[in-house]
$ cat work30.pdb   # PDB, C-alpha atoms
ATOM      1  CA  MET A   1      43.019 145.502 108.699  1.00  0.00           C
ATOM      2  CA  ALA A   2      45.874 143.488 110.183  1.00  0.00           C
ATOM      3  CA  PRO A   3      46.459 141.223 113.168  1.00  0.00           C
ATOM      4  CA  ASP A   4      47.244 143.318 116.225  1.00  0.00           C
ATOM      5  CA  THR A   5      50.811 141.995 116.556  1.00  0.00           C
ATOM      6  CA  ALA A   6      51.569 142.793 112.899  1.00  0.00           C
ATOM      7  CA  ALA A   7      49.982 146.237 113.175  1.00  0.00           C
ATOM      8  CA  ALA A   8      51.730 146.970 116.462  1.00  0.00           C
ATOM      9  CA  ASN A   9      55.102 145.920 115.035  1.00  0.00           C
ATOM     10  CA  PHE A  10      54.595 148.129 111.953  1.00  0.00           C
ATOM     11  CA  ILE A  11      53.643 151.104 114.111  1.00  0.00           C
ATOM     12  CA  LYS A  12      56.605 150.525 116.426  1.00  0.00           C
ATOM     13  CA  ASP A  13      59.007 150.388 113.450  1.00  0.00           C
ATOM     14  CA  LYS A  14      57.456 153.391 111.663  1.00  0.00           C
ATOM     15  CA  PRO A  15      56.222 155.877 114.281  1.00  0.00           C
ATOM     16  CA  GLY A  16      53.678 158.378 113.004  1.00  0.00           C
ATOM     17  CA  VAL A  17      52.927 156.523 109.746  1.00  0.00           C
ATOM     18  CA  ALA A  18      49.811 154.727 111.006  1.00  0.00           C
ATOM     19  CA  ARG A  19      47.755 154.203 114.111  1.00  0.00           C
ATOM     20  CA  ILE A  20      45.353 151.613 115.442  1.00  0.00           C
ATOM     21  CA  VAL A  21      41.798 152.927 115.424  1.00  0.00           C
ATOM     22  CA  GLY A  22      38.537 151.456 116.504  1.00  0.00           C
ATOM     23  CA  ARG A  23      38.242 148.353 118.545  1.00  0.00           C
ATOM     24  CA  PRO A  24      41.079 145.849 117.866  1.00  0.00           C
ATOM     25  CA  TYR A  25      40.165 142.231 117.416  1.00  0.00           C
ATOM     26  CA  VAL A  26      41.096 139.911 120.228  1.00  0.00           C
ATOM     27  CA  VAL A  27      44.036 137.528 120.109  1.00  0.00           C
ATOM     28  CA  ARG A  28      42.941 134.218 121.539  1.00  0.00           C
ATOM     29  CA  TYR A  29      45.629 131.648 120.751  1.00  0.00           C
ATOM     30  CA  VAL A  30      49.345 131.171 120.888  1.00  0.00           C
ATOM     31  CA  GLY A  31      50.185 128.415 118.453  1.00  0.00           C
ATOM     32  CA  VAL A  32      53.111 126.426 117.201  1.00  0.00           C
ATOM     33  CA  PRO A  33      52.872 124.251 114.073  1.00  0.00           C
ATOM     34  CA  MET A  34      53.823 120.630 114.639  1.00  0.00           C
ATOM     35  CA  GLN A  35      53.042 117.131 113.427  1.00  0.00           C
ATOM     36  CA  LYS A  36      49.599 115.891 114.332  1.00  0.00           C
ATOM     37  CA  SER A  37      51.046 112.528 115.367  1.00  0.00           C
ATOM     38  CA  SER A  38      53.085 113.973 118.240  1.00  0.00           C
ATOM     39  CA  PRO A  39      50.841 114.381 121.322  1.00  0.00           C
ATOM     40  CA  GLN A  40      53.846 114.308 123.688  1.00  0.00           C
ATOM     41  CA  LEU A  41      55.464 117.236 121.876  1.00  0.00           C
ATOM     42  CA  LYS A  42      52.170 119.149 121.902  1.00  0.00           C
ATOM     43  CA  GLU A  43      51.819 118.636 125.653  1.00  0.00           C
ATOM     44  CA  LYS A  44      55.372 119.924 126.250  1.00  0.00           C
ATOM     45  CA  VAL A  45      54.799 122.992 124.051  1.00  0.00           C
ATOM     46  CA  ASP A  46      51.443 123.701 125.751  1.00  0.00           C
ATOM     47  CA  GLU A  47      53.170 123.402 129.126  1.00  0.00           C
ATOM     48  CA  ALA A  48      55.927 125.824 128.057  1.00  0.00           C
ATOM     49  CA  ILE A  49      53.388 128.385 126.792  1.00  0.00           C
ATOM     50  CA  ARG A  50      51.407 128.162 130.043  1.00  0.00           C
ATOM     51  CA  LEU A  51      54.613 128.619 132.078  1.00  0.00           C
ATOM     52  CA  MET A  52      55.688 131.636 129.976  1.00  0.00           C
ATOM     53  CA  ARG A  53      52.220 133.103 130.481  1.00  0.00           C
ATOM     54  CA  LYS A  54      52.263 132.466 134.243  1.00  0.00           C
ATOM     55  CA  ASP A  55      55.776 133.909 134.647  1.00  0.00           C
ATOM     56  CA  GLY A  56      54.874 137.002 132.616  1.00  0.00           C
ATOM     57  CA  LEU A  57      57.278 136.280 129.759  1.00  0.00           C
ATOM     58  CA  LEU A  58      54.556 136.402 127.077  1.00  0.00           C
ATOM     59  CA  ASP A  59      53.503 139.846 128.316  1.00  0.00           C
ATOM     60  CA  ARG A  60      57.106 141.105 128.457  1.00  0.00           C
ATOM     61  CA  TRP A  61      57.808 139.884 124.907  1.00  0.00           C
ATOM     62  CA  ALA A  62      54.523 141.317 123.596  1.00  0.00           C
ATOM     63  CA  LYS A  63      55.425 144.704 125.124  1.00  0.00           C
ATOM     64  CA  GLN A  64      59.076 144.585 124.027  1.00  0.00           C
ATOM     65  CA  TYR A  65      58.583 143.403 120.455  1.00  0.00           C
ATOM     66  CA  PHE A  66      55.077 144.634 119.574  1.00  0.00           C
ATOM     67  CA  GLY A  67      54.237 147.379 122.087  1.00  0.00           C
ATOM     68  CA  LEU A  68      51.189 145.414 123.301  1.00  0.00           C
ATOM     69  CA  ASP A  69      49.996 145.575 126.899  1.00  0.00           C
ATOM     70  CA  ASN A  70      48.261 142.731 128.754  1.00  0.00           C
ATOM     71  CA  PHE A  71      48.657 140.298 125.850  1.00  0.00           C
ATOM     72  CA  SER A  72      48.190 137.149 127.926  1.00  0.00           C
ATOM     73  CA  ALA A  73      44.883 138.395 129.378  1.00  0.00           C
ATOM     74  CA  GLN A  74      43.400 137.889 125.901  1.00  0.00           C
ATOM     75  CA  LEU A  75      44.432 134.237 125.654  1.00  0.00           C
ATOM     76  CA  ILE A  76      42.257 131.243 126.399  1.00  0.00           C
ATOM     77  CA  ASP A  77      43.454 128.055 128.061  1.00  0.00           C
ATOM     78  CA  GLN A  78      41.399 125.520 126.108  1.00  0.00           C
ATOM     79  CA  VAL A  79      40.619 125.384 122.406  1.00  0.00           C
ATOM     80  CA  PRO A  80      36.837 125.429 122.025  1.00  0.00           C
TER      81      PRO A  80
END
$ encode --input "work30.pdb" --output "structure tokens"
Amino acid sequence: MAPDTAAANFIKDKPGVARIVGRPYVVRYVGVPMQKSSPQLKEKVDEAIRLMRKDGLLDRWAKQYFGLDNFSAQLIDQVP
């Protein structure tokens, strides 16, 4: 078992060696580590991620680098 991006990247790099079977788990977050004491930085990063999602860049990168379709449809906007 591996995260879908890691599995997809492995499969893309080594065609025919493995395959994804069963129901993949769902990716829900795009995250960036940062200092807890920096709410302004967090807001800017959140804004950039939302813009990349809206403009389709997250989906293009997910397809290009990991072979994943509709990546951003799996994301949530608010942390529960």
$ closest_residue --input "work30.pdb" --among "A:Gly22, A:Arg53, A:Leu41, A:Arg60" --to "Ser72 of chain A" --atoms "all atoms listed in the file"
A:Arg53
$ atom_distance --input "work30.pdb" --atom1 "atom CA of Gly67 of chain A" --atom2 "atom CA of Pro15 of chain A"
11.7 Å
$ residues_around --input "work30.pdb" --residues "Phe66 of chain A" --least-positions-apart "5" --cutoff "12 Å" --atoms "all atoms listed in the file" --output "list in words"
Pro3, Asp4, Thr5, Ala6, Ala7, Ala8, Asn9, Phe10, Ile11, Lys12, Asp13, Leu58, Asp59, Arg60, Trp61 and Phe71 of chain A
$ residues_around --input "work30.pdb" --residues "Val45 of chain A" --least-positions-apart "4" --cutoff "10 Å" --atoms "all atoms listed in the file" --output "ChimeraX atom specification"
/A:31-32,34,39-41,49-51
$ axis_aligned_box --input "work30.pdb" --around "segment 62-80 of chain A" --padding-each-side "4 Å" --output "AutoDock Vina command-line options"
--center_x 48.0 --center_y 136.4 --center_z 124.5 --size_x 30.2 --size_y 30.0 --size_z 17.8
$ atom_distance --input "work30.pdb" --atom1 "atom CA of Glu47 of chain A" --atom2 "atom CA of Asp77 of chain A"
10.8 Å
$ atom_distance --input "work30.pdb" --atom1 "atom CA of Gly16 of chain A" --atom2 "atom CA of Gln74 of chain A"
26.3 Å
$ closest_residue --input "work30.pdb" --among "A:Leu68, A:Leu57, A:Asp46, A:Met52" --to "Pro33 of chain A" --atoms "only C-alpha atoms"
A:Asp46
